Number of protein chains: 6
Amino acid sequence: MLYHDKRLQYPVRVETPDPVYARMLQQAIGGIEGEIRVCMQYFFQAWGNRAPSTKYRDMLLHTATEEMGHIEMLATAVAMNLETAPTELQETGAADGIVGAVMGGASARHTVEGMLHRHLLSTGMAAYPANSDGVPFDMSHIYASGNLAADMYCNVAAETTGRVLAVRLFNATTDAGMKDMWSFLIGRDTMHQQQWLAVIEELGGHHGTLPIPNSFPQSQENQEFNYSFFATGIDGAPPPPGRWTEGPALDGKGTFNVVQNRPLGQEPVLGPARPDSGAETQQIAP
Amino acid sequence: MLYHDKRLQYPVRVETPDPVYARMLQQAIGGIEGEIRVCMQYFFQAWGNRAPSTKYRDMLLHTATEEMGHIEMLATAVAMNLETAPTELQETGAADGIVGAVMGGASARHTVEGMLHRHLLSTGMAAYPANSDGVPFDMSHIYASGNLAADMYCNVAAETTGRVLAVRLFNATTDAGMKDMWSFLIGRDTMHQQQWLAVIEELGGHHGTLPIPNSFPQSQENQEFNYSFFATGIDGAPPPPGRWTEGPALDGKGTFNVVQNRPLGQEPVLGPARPDSGAETQQIAP
Amino acid sequence: MLYHDKRLQYPVRVETPDPVYARMLQQAIGGIEGEIRVCMQYFFQAWGNRAPSTKYRDMLLHTATEEMGHIEMLATAVAMNLETAPTELQETGAADGIVGAVMGGASARHTVEGMLHRHLLSTGMAAYPANSDGVPFDMSHIYASGNLAADMYCNVAAETTGRVLAVRLFNATTDAGMKDMWSFLIGRDTMHQQQWLAVIEELGGHHGTLPIPNSFPQSQENQEFNYSFFATGIDGAPPPPGRWTEGPALDGKGTFNVVQNRPLGQEPVLGPARPDSGAETQQIAP
Amino acid sequence: MLYHDKRLQYPVRVETPDPVYARMLQQAIGGIEGEIRVCMQYFFQAWGNRAPSTKYRDMLLHTATEEMGHIEMLATAVAMNLETAPTELQETGAADGIVGAVMGGASARHTVEGMLHRHLLSTGMAAYPANSDGVPFDMSHIYASGNLAADMYCNVAAETTGRVLAVRLFNATTDAGMKDMWSFLIGRDTMHQQQWLAVIEELGGHHGTLPIPNSFPQSQENQEFNYSFFATGIDGAPPPPGRWTEGPALDGKGTFNVVQNRPLGQEPVLGPARPDSGAETQQIAP
Amino acid sequence: MLYHDKRLQYPVRVETPDPVYARMLQQAIGGIEGEIRVCMQYFFQAWGNRAPSTKYRDMLLHTATEEMGHIEMLATAVAMNLETAPTELQETGAADGIVGAVMGGASARHTVEGMLHRHLLSTGMAAYPANSDGVPFDMSHIYASGNLAADMYCNVAAETTGRVLAVRLFNATTDAGMKDMWSFLIGRDTMHQQQWLAVIEELGGHHGTLPIPNSFPQSQENQEFNYSFFATGIDGAPPPPGRWTEGPALDGKGTFNVVQNRPLGQEPVLGPARPDSGAETQQIAP
Amino acid sequence: MLYHDKRLQYPVRVETPDPVYARMLQQAIGGIEGEIRVCMQYFFQAWGNRAPSTKYRDMLLHTATEEMGHIEMLATAVAMNLETAPTELQETGAADGIVGAVMGGASARHTVEGMLHRHLLSTGMAAYPANSDGVPFDMSHIYASGNLAADMYCNVAAETTGRVLAVRLFNATTDAGMKDMWSFLIGRDTMHQQQWLAVIEELGGHHGTLPIPNSFPQSQENQEFNYSFFATGIDGAPPPPGRWTEGPALDGKGTFNVVQNRPLGQEPVLGPARPDSGAETQQIAP
């Protein structure tokens, strides 16, 4: 269970509110690279964790709880960036100088066009759990597979795309307050990338974890093509050589080679439709 | 651009059609761990690849093209498993022995209940791009961030959750044809896990890629907490020690430590609502 | 604007309530082939109709209004089929004979498993706007393009897949009341298929409408390949001959021929990423 | 920001694990009446709260934080109900007695059919943020309008549909552990219904809050029909009398009456399409 | 079943077409606070209504039917606001003065950027069932629980958020025609808020309806915490006093008090994964 | 299975990159009228094809494969249009002349506002599988019904709305490279419209295919109303005469007539709710 403190994990300051930057920030709240995703992903991984010890469950709870505070910081940042946003389409909003002055000459209308309209229409100038296009976050992005190593890579994927997004949001603004907030959050992403990869290392690295799941006996998988790069070019030319085309596999359990893809299977023929299946009569055997 | 061969990459055989297994197979087509996802993810990563050379773009095209053939194999397997499925709810379907015999005594009604109803109602006994709950695949799961290393981890995430799913589908069936198909596909997942991790190694491993994106100067991120594990437990007790709580960071650029999470920021106070913003008067400053 | 009559357009009777058939019926309410879709599609086409006369707007309003009554019939049929559904998982439901007797021996538990759980948990035994898998209807399936001929074909697509579904639902049940309801609705689908195709005929048939939109001068489209079937087989063998491989085109404005697909374009090379774009340094030009 | 305790808010016990009940429980996690919804709704309302004092922001944070613990309880309950679930489709699962014994004779296959397949295939027998049909929770259900009174009614809607669901889940099971958990959660829903209605009372009840938003001068709304019940029956007969058809309005600011709906507006005629708009030539003015 | 009149319920006039306002209007069509939602919600509540009399079913049908006319009005308003919208990106659109003049100097390009692109690309300048961000309406927002009182509060939630939106749209425009239309619709929202609350009053108010569902014996819910406000603050300080922290409960069936939240439950430990469940070997008991 | 060629099917050139046009192009990738839809629709129709011969399966594979190349062309076009897009919100982007010059004076900020923000934030200036509003493509739009004629009309619907979109995108740009690309793709849409209609002709045209599915004996559908146009106007006035109101039906199997819609069915009365169903006591029979 959880407890709260009314204060933020890290200060959120906005020197020059910008409703269009508020829109951008939404990607870090409700985007697939955003904070709702990591928060909920870590919680669901923790709650479903099956293992001899609770060590990884515990670790996940610590970080999931931290991430909830990041959603809060970003939601606060969105609301602050909407402080001076216009509430109507016509130029009168600019006439009083509020937006016009702030945006370096951009008119109220201009700003409305670049805003998320739901910030104006649906939330009363506050954040909502959607991305920068206004697409609501969809919980199918909570990856929790029941396989610890797979989940760690899902978390690395989340934190790397998350830090890429954070860097872009840092670059997109010149507001010192926002840059300071991002400096902190980018630092946290640095740690979280490490953290999930450290679990992989603790589990024995590539040799100890691959192929994931390592509980399936490799004797039951196809042994002919399980370390082969399949080339699918029309001309049959070999692909450019890389770490994955020759030499020992990363898990030390095979040797890379290159194979030209070709059909080993049949042309699938399903045959006529059944008379009672809603097909056209032309599809049914005469 | 693409070309096709009418034959399958690998043989698809079903000895005893099972409409409920057809449902399960849908997860490998339209699930988030499925083949549509990897196919489209690799294509979009290839098409958007920005780099000094086309090496990784080329590699991605080879494998994306292969994955399209996997969707085809699975769609064929679904249709074959639906060959003897009932088309009505009542027991008459079982009376003619088709389903009853096949399913080891399960009645037609029983089978209809366990099927995806849209296999019966919407497709004429064929696959559709949805998961085993019938939820259509949503293209927001195509991760292509523009950062090569982040994308590789997204691909590892896809192939590890994918192989976990494949193993579960292998275990769930006793059909020799289906087991053979999965043996091949599980082998391919083994290779693909290696392949994306091999790119990371080629880019210099943890040191060469982390923190992702490595083009952002770490001097601009918060230096105090970027290698700290934040403990969020109510009792302030330290979390269980792990690779991520002490010692050098994986990227060799920092040292892990543990910090008790505490508010560094303020209580955010947004203040009263504006009179024209659709709030209650009680929210507006008197 | 609309008016209502409390009575149904056509009688809805259920002789033997069947909660699993209630599930199937949902496909005709909230499925992509269902009645919400056609109702809303015709309304939106009417409301956005731009043309010299209101003739087609008027026609669309007549039929859209009728379709609303079909949703009502089906929602009523769902509720009636849920009349005797169990409210708990254990066998006690069967013990009182309600479900057990009705379902020909199927236990309460068996029935619960085959039901849509939200019929039991969320609606109090009534219909909801989702398909037979419980996936809510998504209004992106309302096709209204602003092009009259294109919209007519969208409507034909809706009514043909709709009648296919209706036939499958007719076949799936043995309940005389349900069969009578479907007999009526299938008849209406017959008419509606005709109706939209009759508009095409009124507009001049293939010659008068194709290529859609016919307001775009064909002189501005590529003249070399606009009546060519592109073969994409790896072996270069010609595809099986059909009406579309030779002879005059259906619109009388071209002649069909077959062309082997081959690249006319370049290998696209996007070049290195920009330094400030969140890419890895390895993607950035040295 | 948040803190966590590893223990649950209230004990979760399962005497007889039932994978189909695990499915039902998902509705209370990822359904629109579920706990993710209320948790996130209260957080977003708190984070966006604009008012002269922080009183309601504070209250919302207390309860949002509590709700997170309810998600945790339910996720734990799901995992516990999946403890003995089968991992394969055939009867061998029952042969070892695990499921067969537990389910009172239901075969493994039977149970697999009634389960959410993603519990078996995607999560390793754990909860995921989807409803009982497997439809992922969609954050568009987080209602936070920026109007305090409107938000309170959204919360009442959430807690009343939530308690209805909880009661149904209580009724559906005979497991003493599960019934005890629901007894607690139903009690909490009782309080939460009160809590949001108490805010309405504190704001002055119907008179003090209606019409919402009360900051819009009613002199600017249509005064002729703002307390009229519009009858839309085809026969023009008056609707059944009720509290809303005559007498003083609830807010004391008007008097109810009944009006027969009739068109006050025009037939909308949009006129021909523009030549460059992709319409058919037949839609374009000659 | 339904009938239609070609005329609108209330006149829709647009003096100065504004394509960006057309975008805003979409929120009132396909937003969660919009007219499709209330129309369909009232219809589904009516169609599934189970009660000793048809009184509330009848009332719901009257109002659902009226709401369909509101969708029509708004769809017409969108089309009218798109009358002069540009069809291309470059400045030539402004050159002919159509948009430039109308928009007070805004260029065609400027306007295209602020429009919903699908108004230009997908509909031929007409409405579609999506919100102001272009997100299609999703029918999961049709709340119809089978509990009359819960449904009434869902309807209040819809009409209060709906009127808040309407007021914001009234404020956002200076067009006299649009303001007149909103004046009417805001008035109707006033009535509809009253109407659903009047049902609550008719059912006996708080005492007669709470806790919802009132058919569940409160003796079966936890009696210790069902009128307690749980405080979750880290510092254990009591929350600010309010109507909900002391005194008699609104339903007269309990007394409010405040409780510090603390774990009553256990630390949940799921134990090791099964060998055949796709986990890593490290998760499986040795 | 598939093979690839690194080169494009047709050249893609962009003379003046325009990030807002990149947004528009997304509709042709991930819109419901776009290329992902047709590609996947034809593949799934092929993979599920049930018929005495593989003729139509073969044809579908040829064209599905071609369409994959169209997605590639458009994804390339998006990336090229984003070449000079700004990466930050402030005017400094314009100061270096990159965007300002290109866009004819539009500032960097202006351009950012009109872009899809995810092009800037999520993809590193590349395409993603979403429409021009940023809504991800949802695979429920893959229509494959198992009825050949119904599927052909679904394909016609896709290619007609697709060509309407293509024409609008042609009209929206003045870039010669983009116009040349569209000229090719519009030509291909011309052919594909023909192709699917040619299958209908080969199957016997209206007489040979209607009503779809033609395998259902029309003797089992209602014979009284299956060629009747139902008028639903409140005034009972007949609808405007058209091809569908009198004369022989298109399929030669009936005669059109007009019928005034009227209730043939009952007022549906569901009766009281069950005591254990979560209803209010007022809904339950006394």
# chains A, B, ... in the order shown; residues from 1 in each chain; ligands from 1
>>> interface_residues(of="chain C", to="chain D", cutoff="6 Å", atoms="only C-alpha atoms", output="PDB file with C-alpha atoms, in the first residue's frame")
ATOM      1  CA  TYR C   3     -39.082  11.040 -32.675  1.00  0.00           C
ATOM      2  CA  HIS C   4     -39.643   7.676 -31.104  1.00  0.00           C
ATOM      3  CA  ASP C   5     -42.315   5.009 -30.762  1.00  0.00           C
ATOM      4  CA  ARG C  50     -22.636  18.230 -50.203  1.00  0.00           C
ATOM      5  CA  ALA C  51     -24.461  18.097 -53.519  1.00  0.00           C
ATOM      6  CA  PRO C  52     -26.621  20.221 -55.807  1.00  0.00           C
ATOM      7  CA  THR C  87     -25.120 -14.779 -11.322  1.00  0.00           C
ATOM      8  CA  GLU C  88     -22.548 -16.922  -9.642  1.00  0.00           C
ATOM      9  CA  LEU C  89     -19.756 -19.248 -10.608  1.00  0.00           C
ATOM     10  CA  GLU C 113     -17.587 -19.373 -18.857  1.00  0.00           C
ATOM     11  CA  LEU C 121     -20.708  -7.951 -14.029  1.00  0.00           C
ATOM     12  CA  GLY C 134     -16.417  -7.527 -25.551  1.00  0.00           C
ATOM     13  CA  ASN C 147     -17.426  11.428 -51.988  1.00  0.00           C
ATOM     14  CA  PRO C 213     -13.232  10.418 -57.443  1.00  0.00           C
ATOM     15  CA  ASN C 214     -14.111  11.117 -61.052  1.00  0.00           C
ATOM     16  CA  SER C 215     -13.550  14.830 -60.568  1.00  0.00           C
TER      17      SER C 215
END
>>> residues_around(residues="segment 238-247 of chain E", least_positions_apart="2", cutoff="8 Å", atoms="only C-alpha atoms", output="list of chain:residue names")
D:Lys55, D:Asp58, D:Met59, D:His62, D:Gln194, D:Gln195, D:Ala198, D:Val199, D:Glu201, D:Glu202, E:Ser228, E:Phe229, E:Ala231, E:Gly236, E:Ala249, E:Thr255, E:Phe256, E:Asn257, E:Val258, E:Gln260
>>> write_last_selection(atoms="N, CA and C atoms", output="mmCIF file, in the first residue's frame")
data_model
loop_
_atom_site.group_PDB
_atom_site.id
_atom_site.type_symbol
_atom_site.label_atom_id
_atom_site.label_comp_id
_atom_site.auth_asym_id
_atom_site.auth_seq_id
_atom_site.Cartn_x
_atom_site.Cartn_y
_atom_site.Cartn_z
ATOM 1 N N LYS D 55 -7.726 22.631 0.039
ATOM 2 C CA LYS D 55 -8.479 21.659 0.825
ATOM 3 C C LYS D 55 -8.906 20.420 0.011
ATOM 4 N N ASP D 58 -5.973 18.319 -1.256
ATOM 5 C CA ASP D 58 -5.449 17.454 -0.198
ATOM 6 C C ASP D 58 -6.327 16.212 -0.030
ATOM 7 N N MET D 59 -7.629 16.427 0.017
ATOM 8 C CA MET D 59 -8.518 15.295 0.224
ATOM 9 C C MET D 59 -8.378 14.276 -0.907
ATOM 10 N N HIS D 62 -5.321 12.056 -0.493
ATOM 11 C CA HIS D 62 -5.487 10.984 0.491
ATOM 12 C C HIS D 62 -6.167 9.770 -0.132
ATOM 13 N N GLN D 194 -20.250 8.491 -0.162
ATOM 14 C CA GLN D 194 -20.597 9.578 0.758
ATOM 15 C C GLN D 194 -19.684 10.780 0.586
ATOM 16 N N GLN D 195 -18.412 10.464 0.469
ATOM 17 C CA GLN D 195 -17.399 11.503 0.515
ATOM 18 C C GLN D 195 -17.577 12.541 -0.590
ATOM 19 N N ALA D 198 -20.643 14.526 -0.071
ATOM 20 C CA ALA D 198 -20.468 15.475 1.026
ATOM 21 C C ALA D 198 -19.821 16.763 0.535
ATOM 22 N N VAL D 199 -18.965 16.663 -0.464
ATOM 23 C CA VAL D 199 -18.395 17.882 -1.042
ATOM 24 C C VAL D 199 -19.508 18.714 -1.673
ATOM 25 N N GLU D 201 -22.558 18.788 -0.801
ATOM 26 C CA GLU D 201 -23.311 19.415 0.289
ATOM 27 C C GLU D 201 -22.555 20.611 0.843
ATOM 28 N N GLU D 202 -21.236 20.411 1.000
ATOM 29 C CA GLU D 202 -20.423 21.507 1.536
ATOM 30 C C GLU D 202 -20.420 22.716 0.615
ATOM 31 N N SER E 228 -15.468 5.668 7.251
ATOM 32 C CA SER E 228 -14.188 6.237 7.700
ATOM 33 C C SER E 228 -13.426 6.871 6.539
ATOM 34 N N PHE E 229 -12.917 8.055 6.771
ATOM 35 C CA PHE E 229 -11.996 8.668 5.834
ATOM 36 C C PHE E 229 -10.594 8.166 6.155
ATOM 37 N N ALA E 231 -6.748 8.428 6.015
ATOM 38 C CA ALA E 231 -5.675 9.383 5.762
ATOM 39 C C ALA E 231 -4.426 8.618 5.345
ATOM 40 N N GLY E 236 1.241 11.380 8.969
ATOM 41 C CA GLY E 236 0.208 10.985 9.911
ATOM 42 C C GLY E 236 -0.665 12.116 10.408
ATOM 43 N N ALA E 249 -23.442 10.482 8.544
ATOM 44 C CA ALA E 249 -23.263 10.274 7.109
ATOM 45 C C ALA E 249 -24.484 10.789 6.361
ATOM 46 N N THR E 255 -21.752 7.121 10.846
ATOM 47 C CA THR E 255 -21.136 8.351 11.346
ATOM 48 C C THR E 255 -19.722 8.448 10.792
ATOM 49 N N PHE E 256 -19.401 9.593 10.236
ATOM 50 C CA PHE E 256 -18.072 9.770 9.660
ATOM 51 C C PHE E 256 -16.999 9.797 10.742
ATOM 52 N N ASN E 257 -15.844 9.224 10.442
ATOM 53 C CA ASN E 257 -14.679 9.399 11.303
ATOM 54 C C ASN E 257 -13.420 9.324 10.448
ATOM 55 N N VAL E 258 -12.288 9.581 11.049
ATOM 56 C CA VAL E 258 -11.021 9.588 10.319
ATOM 57 C C VAL E 258 -10.114 8.496 10.854
ATOM 58 N N GLN E 260 -6.200 6.642 10.276
ATOM 59 C CA GLN E 260 -4.903 6.654 9.579
ATOM 60 C C GLN E 260 -4.731 5.307 8.870
#
>>> residues_around(residues="Gln218 of chain B", least_positions_apart="6", cutoff="10 Å", atoms="only C-alpha atoms", output="PyMOL selection string")
(chain A and resi 183+186-187+190) or (chain B and resi 211+226+253)
>>> select_by_dssp(residues="segment 124-253 of chain C", states="alpha helix (DSSP H)", output="MDAnalysis selection string")
chainID C and resid 148:172 176:202 205:209
>>> atom_distance(atom1="atom CA of Ser219 of chain C", atom2="atom CA of Leu74 of chain F")
22.5 Å
>>> residues_around(residues="segment 155-157 of chain F", least_positions_apart="5", cutoff="10 Å", atoms="only C-alpha atoms", output="PyMOL selection string")
(chain C and resi 143+149-158+212) or (chain F and resi 33+37-38+41-42+142-144+149-150+162-163+189+192-197)
>>> select_by_dssp(residues="segment 12-260 of chain A", states="strand (DSSP E or B)", output="MDAnalysis selection string")
chainID A and resid 130 136 138 228:231 233 247:248 255:260
>>> write_last_selection(atoms="N, CA and C atoms", output="PDB file, in the first residue's frame")
ATOM      1  N   ALA A 130      -2.930  11.570 -21.603  1.00  0.00           N
ATOM      2  CA  ALA A 130      -2.869  11.342 -23.045  1.00  0.00           C
ATOM      3  C   ALA A 130      -1.512  11.810 -23.531  1.00  0.00           C
ATOM      4  N   PRO A 136      -5.294   9.040 -25.746  1.00  0.00           N
ATOM      5  CA  PRO A 136      -5.224   8.568 -24.351  1.00  0.00           C
ATOM      6  C   PRO A 136      -4.283   7.380 -24.195  1.00  0.00           C
ATOM      7  N   ASP A 138      -3.027   3.897 -23.278  1.00  0.00           N
ATOM      8  CA  ASP A 138      -3.715   2.615 -23.380  1.00  0.00           C
ATOM      9  C   ASP A 138      -2.876   1.593 -22.620  1.00  0.00           C
ATOM     10  N   SER A 228      21.066 -18.618 -37.102  1.00  0.00           N
ATOM     11  CA  SER A 228      21.269 -18.236 -38.501  1.00  0.00           C
ATOM     12  C   SER A 228      20.600 -16.907 -38.812  1.00  0.00           C
ATOM     13  N   PHE A 229      21.313 -16.044 -39.505  1.00  0.00           N
ATOM     14  CA  PHE A 229      20.711 -14.826 -40.032  1.00  0.00           C
ATOM     15  C   PHE A 229      20.096 -15.173 -41.378  1.00  0.00           C
ATOM     16  N   PHE A 230      18.809 -14.957 -41.518  1.00  0.00           N
ATOM     17  CA  PHE A 230      18.131 -15.270 -42.776  1.00  0.00           C
ATOM     18  C   PHE A 230      18.144 -14.043 -43.682  1.00  0.00           C
ATOM     19  N   ALA A 231      18.735 -14.214 -44.861  1.00  0.00           N
ATOM     20  CA  ALA A 231      18.765 -13.133 -45.844  1.00  0.00           C
ATOM     21  C   ALA A 231      17.528 -13.252 -46.730  1.00  0.00           C
ATOM     22  N   GLY A 233      16.886 -10.845 -49.309  1.00  0.00           N
ATOM     23  CA  GLY A 233      17.018  -9.999 -50.490  1.00  0.00           C
ATOM     24  C   GLY A 233      16.681 -10.754 -51.764  1.00  0.00           C
ATOM     25  N   GLY A 247      30.892 -16.107 -36.207  1.00  0.00           N
ATOM     26  CA  GLY A 247      31.496 -16.140 -34.878  1.00  0.00           C
ATOM     27  C   GLY A 247      30.554 -16.705 -33.843  1.00  0.00           C
ATOM     28  N   PRO A 248      31.043 -16.787 -32.614  1.00  0.00           N
ATOM     29  CA  PRO A 248      30.221 -17.381 -31.558  1.00  0.00           C
ATOM     30  C   PRO A 248      29.037 -16.482 -31.204  1.00  0.00           C
ATOM     31  N   THR A 255      26.779 -20.820 -32.977  1.00  0.00           N
ATOM     32  CA  THR A 255      27.662 -20.073 -33.869  1.00  0.00           C
ATOM     33  C   THR A 255      26.823 -19.417 -34.951  1.00  0.00           C
ATOM     34  N   PHE A 256      27.033 -18.149 -35.155  1.00  0.00           N
ATOM     35  CA  PHE A 256      26.266 -17.418 -36.159  1.00  0.00           C
ATOM     36  C   PHE A 256      26.621 -17.880 -37.574  1.00  0.00           C
ATOM     37  N   ASN A 257      25.641 -17.931 -38.432  1.00  0.00           N
ATOM     38  CA  ASN A 257      25.891 -18.125 -39.859  1.00  0.00           C
ATOM     39  C   ASN A 257      24.784 -17.429 -40.647  1.00  0.00           C
ATOM     40  N   VAL A 258      24.956 -17.401 -41.946  1.00  0.00           N
ATOM     41  CA  VAL A 258      23.986 -16.720 -42.808  1.00  0.00           C
ATOM     42  C   VAL A 258      23.324 -17.736 -43.724  1.00  0.00           C
ATOM     43  N   VAL A 259      22.038 -17.643 -43.855  1.00  0.00           N
ATOM     44  CA  VAL A 259      21.264 -18.562 -44.695  1.00  0.00           C
ATOM     45  C   VAL A 259      20.366 -17.735 -45.611  1.00  0.00           C
ATOM     46  N   GLN A 260      20.306 -18.119 -46.862  1.00  0.00           N
ATOM     47  CA  GLN A 260      19.363 -17.455 -47.769  1.00  0.00           C
ATOM     48  C   GLN A 260      17.971 -18.021 -47.499  1.00  0.00           C
TER      49      GLN A 260
END
>>> closest_residue(among="E:Val12, E:Met191, E:Ile36, E:Ala46", to="Met139 of chain E", atoms="only C-alpha atoms")
E:Ile36
